[in-house]
Structures are given as structure tokens and as C-alpha cells.
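Coordinates as given in input_5.txt (compact mmCIF, C-alpha atoms):
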```
# COMPACT_ATOMS: atom_id res chain seq x y z
CA MET A 1 26.45 6.99 35.71
CA ASN A 2 29.47 7.34 33.43
CA LYS A 3 28.35 4.33 31.40
CA TYR A 4 25.06 6.03 30.55
CA PHE A 5 26.70 9.32 29.75
CA LEU A 6 29.28 7.65 27.49
CA SER A 7 26.63 5.69 25.60
CA ILE A 8 24.50 8.79 25.02
CA ILE A 9 27.49 10.76 23.76
CA SER A 10 28.48 7.87 21.49
CA ILE A 11 25.02 7.72 19.95
CA LEU A 12 24.98 11.48 19.39
CA LEU A 13 28.39 11.35 17.73
CA LEU A 14 27.25 8.52 15.51
CA PHE A 15 24.18 10.44 14.32
CA GLN A 16 26.24 13.57 13.74
CA SER A 17 28.72 11.62 11.62
CA PHE A 18 25.83 10.33 9.46
CA LYS A 19 24.74 13.91 8.89
CA VAL A 20 28.26 15.03 7.96
CA PHE A 21 28.70 12.18 5.46
CA ASP A 22 25.30 12.93 3.96
CA GLU A 23 26.22 16.60 3.53
CA ILE A 24 29.55 15.73 1.90
CA PHE A 25 28.29 13.16 -0.57
CA TYR A 26 24.83 14.56 -1.33
CA HIS A 27 25.90 18.16 -1.94
CA GLU A 28 28.94 17.15 -3.96
CA GLU A 29 26.76 15.32 -6.52
CA GLU A 30 24.20 18.12 -6.59
CA ALA A 31 26.87 20.72 -7.29
CA LYS A 32 28.22 18.72 -10.24
CA GLY A 33 24.94 18.85 -12.14
CA SER A 34 23.70 22.32 -11.28
CA LYS A 35 26.43 24.60 -12.63
CA ILE A 36 27.11 25.74 -16.18
CA PHE A 37 30.79 26.17 -16.95
CA ALA A 38 32.21 27.83 -20.02
CA GLU A 39 35.77 28.49 -21.06
CA VAL A 40 36.18 31.99 -22.41
CA ASP A 41 39.09 33.76 -24.03
CA ASP A 42 39.42 36.88 -21.82
CA THR A 43 41.15 38.85 -24.59
CA ASP A 44 38.00 39.11 -26.73
CA PRO A 45 35.31 41.14 -24.86
CA ASP A 46 32.65 40.45 -27.51
CA LEU A 47 33.08 36.71 -27.06
CA THR A 48 32.91 37.06 -23.28
CA GLU A 49 29.63 39.00 -23.45
CA ASP A 50 28.19 36.50 -25.93
CA VAL A 51 29.00 33.51 -23.71
CA ASN A 52 27.64 35.28 -20.61
CA GLU A 53 24.38 36.01 -22.44
CA LYS A 54 24.08 32.37 -23.53
CA VAL A 55 24.68 31.16 -19.97
CA GLU A 56 22.04 33.57 -18.61
CA VAL A 57 19.52 32.48 -21.26
CA ALA A 58 20.20 28.80 -20.52
CA GLU A 59 19.72 29.37 -16.80
CA LYS A 60 16.53 31.39 -17.38
CA LEU A 61 15.05 28.70 -19.63
CA ASP A 62 15.83 26.09 -17.01
CA LEU A 63 14.22 28.24 -14.32
CA ASP A 64 11.11 28.78 -16.45
CA SER A 65 10.74 25.04 -16.92
CA LEU A 66 11.01 24.54 -13.17
CA PHE A 67 8.16 26.96 -12.52
CA VAL A 68 5.77 24.96 -14.71
CA ASN A 69 5.05 22.54 -11.87
CA PHE A 70 4.62 24.39 -8.60
CA ASP A 71 2.44 23.92 -5.56
CA VAL A 72 1.50 27.01 -3.57
CA LYS A 73 0.21 24.86 -0.68
CA LYS A 74 3.58 23.12 -0.38
CA GLY A 75 5.23 26.53 -0.52
CA GLU A 76 3.02 27.70 2.33
CA LYS A 77 4.13 24.69 4.40
CA ILE A 78 7.78 25.45 3.66
CA ALA A 79 7.20 29.09 4.64
CA LYS A 80 6.17 28.02 8.15
CA GLN A 81 9.83 27.46 9.00
CA CYS A 82 10.45 31.08 7.98
CA SER A 83 7.63 32.47 10.11
CA ALA A 84 9.79 32.46 13.24
CA CYS A 85 11.77 35.37 11.76
CA HIS A 86 9.52 36.78 9.01
CA ASP A 87 5.93 38.04 8.91
CA PHE A 88 3.83 36.94 5.92
CA SER A 89 0.77 39.10 6.66
CA VAL A 90 -0.32 42.29 4.95
CA ASN A 91 0.51 44.14 8.20
CA LEU A 92 4.24 44.13 7.27
CA LYS A 93 5.22 43.52 10.89
CA VAL A 94 8.98 43.62 11.46
CA LYS A 95 10.26 40.61 13.39
CA ILE A 96 13.84 39.31 13.53
CA GLY A 97 13.77 39.56 9.74
CA PRO A 98 11.85 41.88 7.41
CA PRO A 99 8.24 41.13 6.40
CA LEU A 100 7.80 39.08 3.22
CA TRP A 101 4.35 40.20 2.07
CA GLY A 102 4.81 41.47 -1.49
CA VAL A 103 8.54 40.67 -1.53
CA VAL A 104 8.47 39.42 -5.14
CA GLY A 105 9.11 42.45 -7.33
CA ARG A 106 10.30 44.61 -4.43
CA LYS A 107 13.78 46.11 -4.26
CA ALA A 108 16.17 44.49 -1.80
CA ALA A 109 16.38 46.33 1.54
CA ALA A 110 13.20 48.33 0.82
CA ILE A 111 11.40 48.09 4.19
CA SER A 112 12.29 51.31 6.01
CA ASP A 113 11.49 49.99 9.51
CA TYR A 114 14.03 47.17 9.27
CA LYS A 115 17.80 47.55 9.74
CA TYR A 116 19.36 45.55 6.89
CA SER A 117 22.96 44.39 6.69
CA ASP A 118 25.29 46.50 4.55
CA ALA A 119 25.49 43.58 2.12
CA LEU A 120 21.74 43.69 1.40
CA VAL A 121 21.68 47.49 1.27
CA ASN A 122 24.41 47.34 -1.39
CA PHE A 123 22.74 44.43 -3.22
CA LYS A 124 20.76 46.85 -5.45
CA LYS A 125 18.59 44.21 -7.13
CA ASP A 126 14.90 43.42 -7.19
CA TRP A 127 13.58 40.25 -5.59
CA ASN A 128 12.33 38.38 -8.64
CA ARG A 129 12.17 34.65 -9.37
CA GLU A 130 15.81 34.43 -10.41
CA THR A 131 17.29 36.34 -7.47
CA LEU A 132 15.05 34.61 -4.92
CA PHE A 133 15.81 31.20 -6.42
CA SER A 134 19.56 31.77 -6.07
CA PHE A 135 19.29 33.50 -2.68
CA LEU A 136 17.14 30.80 -1.11
CA GLU A 137 19.57 28.07 -2.13
CA ASN A 138 22.29 29.50 0.12
CA PRO A 139 21.71 33.05 1.41
CA LYS A 140 25.20 33.50 2.89
CA ASN A 141 26.92 32.59 -0.39
CA TYR A 142 24.60 34.56 -2.67
CA VAL A 143 24.75 37.80 -0.64
CA LYS A 144 28.04 37.67 1.20
CA GLY A 145 27.70 39.48 4.53
CA THR A 146 23.96 39.03 5.01
CA LYS A 147 22.70 38.76 8.59
CA MET A 148 20.32 35.97 7.61
CA ILE A 149 21.46 32.79 9.35
CA TYR A 150 19.20 30.43 7.40
CA LYS A 151 21.11 27.58 5.75
CA GLY A 152 18.96 27.56 2.61
CA LEU A 153 16.74 25.21 0.62
CA LYS A 154 18.71 22.69 -1.43
CA LYS A 155 15.83 21.17 -3.40
CA ASN A 156 14.83 23.11 -6.51
CA SER A 157 11.19 22.08 -6.06
CA ASP A 158 11.11 23.49 -2.51
CA ARG A 159 12.48 26.83 -3.70
CA VAL A 160 10.02 26.94 -6.62
CA ASN A 161 7.09 26.17 -4.31
CA LEU A 162 8.20 28.77 -1.75
CA ILE A 163 8.68 31.47 -4.40
CA SER A 164 5.27 30.63 -5.89
CA TYR A 165 3.75 31.06 -2.43
CA LEU A 166 5.55 34.40 -2.01
CA GLU A 167 4.22 35.48 -5.43
CA SER A 168 0.67 34.75 -4.21
CA LEU A 169 1.07 37.22 -1.33
CA LYS A 170 -0.28 40.37 -2.98
```

Write-out of the structure in C-alpha cells:
Amino acid sequence: MNKYFLSIISILLLFQSFKVFDEIFYHEEEAKGSKIFAEVDDTDPDLTEDVNEKVEVAEKLDLDSLFVNFDVKKGEKIAKQCSACHDFSVNLKVKIGPPLWGVVGRKAAAISDYKYSDALVNFKKDWNRETLFSFLENPKNYVKGTKMIYKGLKKNSDRVNLISYLESLK
């Protein structure tokens, strides 16, 4: 009996180690290419604002180019993993998470029947392409203190497709 138990545990540990190595090496390379870094002289506020504007414009242009090729059907398939916690129907049914019908363009923490975390109540932004794109990559890092336990979507194409599907819900 112990032989079987030991072999099962060994196999599970082996598979878990593959996952850990994949996370370490895959996400490290992805992070290197996805950030824009700029060195700014903090003593000159005009220069700081100018660089921040350029970084925002560069990120927006990149995001616009990503949204050229989207697939609403793929976004709908990706949304199925969200349906355990969120409702996508026009009924705006509150589940574990708030309903997502018409979420694009809506203020964060706007559904009155849902009890949001303090972090989302204080977020004070609209859910547009940019905020959703960043939020869906890693919700816990983008809005620190959110109750959402979802790990996030790492692939840009998955996030673009999901956001395009959410935009179609009107």
C-alpha cells in the first residue's frame, strides 16, 4: 500500500515542479518585453510629465494595434471560465462576483446590489479597454486588495478577445 501511495505522491510532485519551472521561466521572459522603462530627472516636473505622457501614448498605441485582430467567439469561450462567479446576461444577476453585462464603460464598483472590496470602491476609474486589459492580466496586482481570486490572463490575445466579447454585451 505504501509503495502505491509513494509513487502517486512522487508523480504529483514531479508535475507540480514542471508547473513551477514553467511559471518562473515563462513569466520572466514575458515581463522583460512588456514593460516600458524610462529614466527621469525628478527635479524637473515638466520633464516628468512629458515622459509620462509619452509612455501613456506608446502604451495606448500598442493597445490599439492589439485590438485590430480580435475574435469575439474566442472571447466568449474564455468568458466561460468566468461564468462560475459572474453573470453575463442582461438580467444583471449577482453571483459570487458582480454581473459583467455592460461592464465596458461602466464605473468600477457601480452595481449597487454587490458588496465590493474597499480597493475597488476606491478605484474610481471606468472599466475601459485600458483598465480592463491591465486588470485582467493580474487582478490582485492591478487593484491591490481586491476580493477577486482569479489569477489573470497572461496572453495579450486572450485579454483582447475577452474584452471584445465584453464590449459586445450591450

In Å, with one decimal, what is the gap from atom CA of Ile149 of chain A to atom CA of Phe67 of chain A?
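Atom-to-atom, atom CA of Ile149 of chain A to atom CA of Phe67 of chain A, that is 26.3 Å.
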
Using all atoms listed in the file, the shortest atom-to-atom distance to Lys144 of chain A among A:Ser83, A:Asn161, A:Ser117, A:Ser168 belongs to A:Ser117

What is the distance between atom CA of Val160 of chain A and atom CA of Gly102 of chain A, in Å to one decimal?
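Going from atom CA of Val160 of chain A over to atom CA of Gly102 of chain A, I get 16.3 Å.
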
Given all atoms listed in the file as the counted atoms, nearest of A:Lys151, A:His86, A:Lys140, A:Arg129 to Tyr114 of chain A:
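Among the listed residues, the smallest separation from Tyr114 of chain A belongs to A:His86.
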
Kindly extract all protein, DNA and RNA residues lying within 9 Å of the coordinates (21.1, 44.6, 0.0) given in the file, considering all atoms listed in the file, and supply them as a PyMOL selection string.
chain A and resi 107-110+116-125+143+146

Go ahead and compute the interatomic distance for atom CA of Trp101 of chain A and atom CA of Asn141 of chain A, in Å to one decimal.
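A separation of 23.9 Å between them.
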
Counting only C-alpha atoms, the residue of A:Val72, A:Ile111, A:Ile96, A:Val90 that sits nearest Asp158 of chain A:
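So, comparing all the options, the nearest one is A:Val72.
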
Residues within 10 Å of (7.2, 34.2, -2.9), file coordinates, counting all atoms listed in the file: what are they? Give the list as a list in words.
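Returned residue set, sorted by chain then number, is Val72, Gly75, Glu76, Ala79, Phe88, Leu100, Trp101, Gly102, Val103, Val104, Gly105, Trp127, Asn128, Arg129, Leu132, Phe133, Arg159, Val160, Asn161, Leu162, Ile163, Ser164, Tyr165, Leu166, Glu167, Ser168, Leu169 and Lys170 of chain A.
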
I need the residues from that last selection saved to file as a PDB file, keeping the file's coordinate frame (with C-alpha atoms), if you can.
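Okay, this is what ended up in out.pdb:
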```pdb
ATOM      1  CA  VAL A  72       1.500  27.010  -3.570  1.00  0.00           C
ATOM      2  CA  GLY A  75       5.230  26.530  -0.520  1.00  0.00           C
ATOM      3  CA  GLU A  76       3.020  27.700   2.330  1.00  0.00           C
ATOM      4  CA  ALA A  79       7.200  29.090   4.640  1.00  0.00           C
ATOM      5  CA  PHE A  88       3.830  36.940   5.920  1.00  0.00           C
ATOM      6  CA  LEU A 100       7.800  39.080   3.220  1.00  0.00           C
ATOM      7  CA  TRP A 101       4.350  40.200   2.070  1.00  0.00           C
ATOM      8  CA  GLY A 102       4.810  41.470  -1.490  1.00  0.00           C
ATOM      9  CA  VAL A 103       8.540  40.670  -1.530  1.00  0.00           C
ATOM     10  CA  VAL A 104       8.470  39.420  -5.140  1.00  0.00           C
ATOM     11  CA  GLY A 105       9.110  42.450  -7.330  1.00  0.00           C
ATOM     12  CA  TRP A 127      13.580  40.250  -5.590  1.00  0.00           C
ATOM     13  CA  ASN A 128      12.330  38.380  -8.640  1.00  0.00           C
ATOM     14  CA  ARG A 129      12.170  34.650  -9.370  1.00  0.00           C
ATOM     15  CA  LEU A 132      15.050  34.610  -4.920  1.00  0.00           C
ATOM     16  CA  PHE A 133      15.810  31.200  -6.420  1.00  0.00           C
ATOM     17  CA  ARG A 159      12.480  26.830  -3.700  1.00  0.00           C
ATOM     18  CA  VAL A 160      10.020  26.940  -6.620  1.00  0.00           C
ATOM     19  CA  ASN A 161       7.090  26.170  -4.310  1.00  0.00           C
ATOM     20  CA  LEU A 162       8.200  28.770  -1.750  1.00  0.00           C
ATOM     21  CA  ILE A 163       8.680  31.470  -4.400  1.00  0.00           C
ATOM     22  CA  SER A 164       5.270  30.630  -5.890  1.00  0.00           C
ATOM     23  CA  TYR A 165       3.750  31.060  -2.430  1.00  0.00           C
ATOM     24  CA  LEU A 166       5.550  34.400  -2.010  1.00  0.00           C
ATOM     25  CA  GLU A 167       4.220  35.480  -5.430  1.00  0.00           C
ATOM     26  CA  SER A 168       0.670  34.750  -4.210  1.00  0.00           C
ATOM     27  CA  LEU A 169       1.070  37.220  -1.330  1.00  0.00           C
ATOM     28  CA  LYS A 170      -0.280  40.370  -2.980  1.00  0.00           C
TER      29      LYS A 170
END
```

Which of A:Leu63, A:Leu92, A:Ile78, A:Ala84 sits closest to Thr131 of chain A [using all atoms listed in the file]
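Result for the nearest residue to Thr131 of chain A: A:Leu63.
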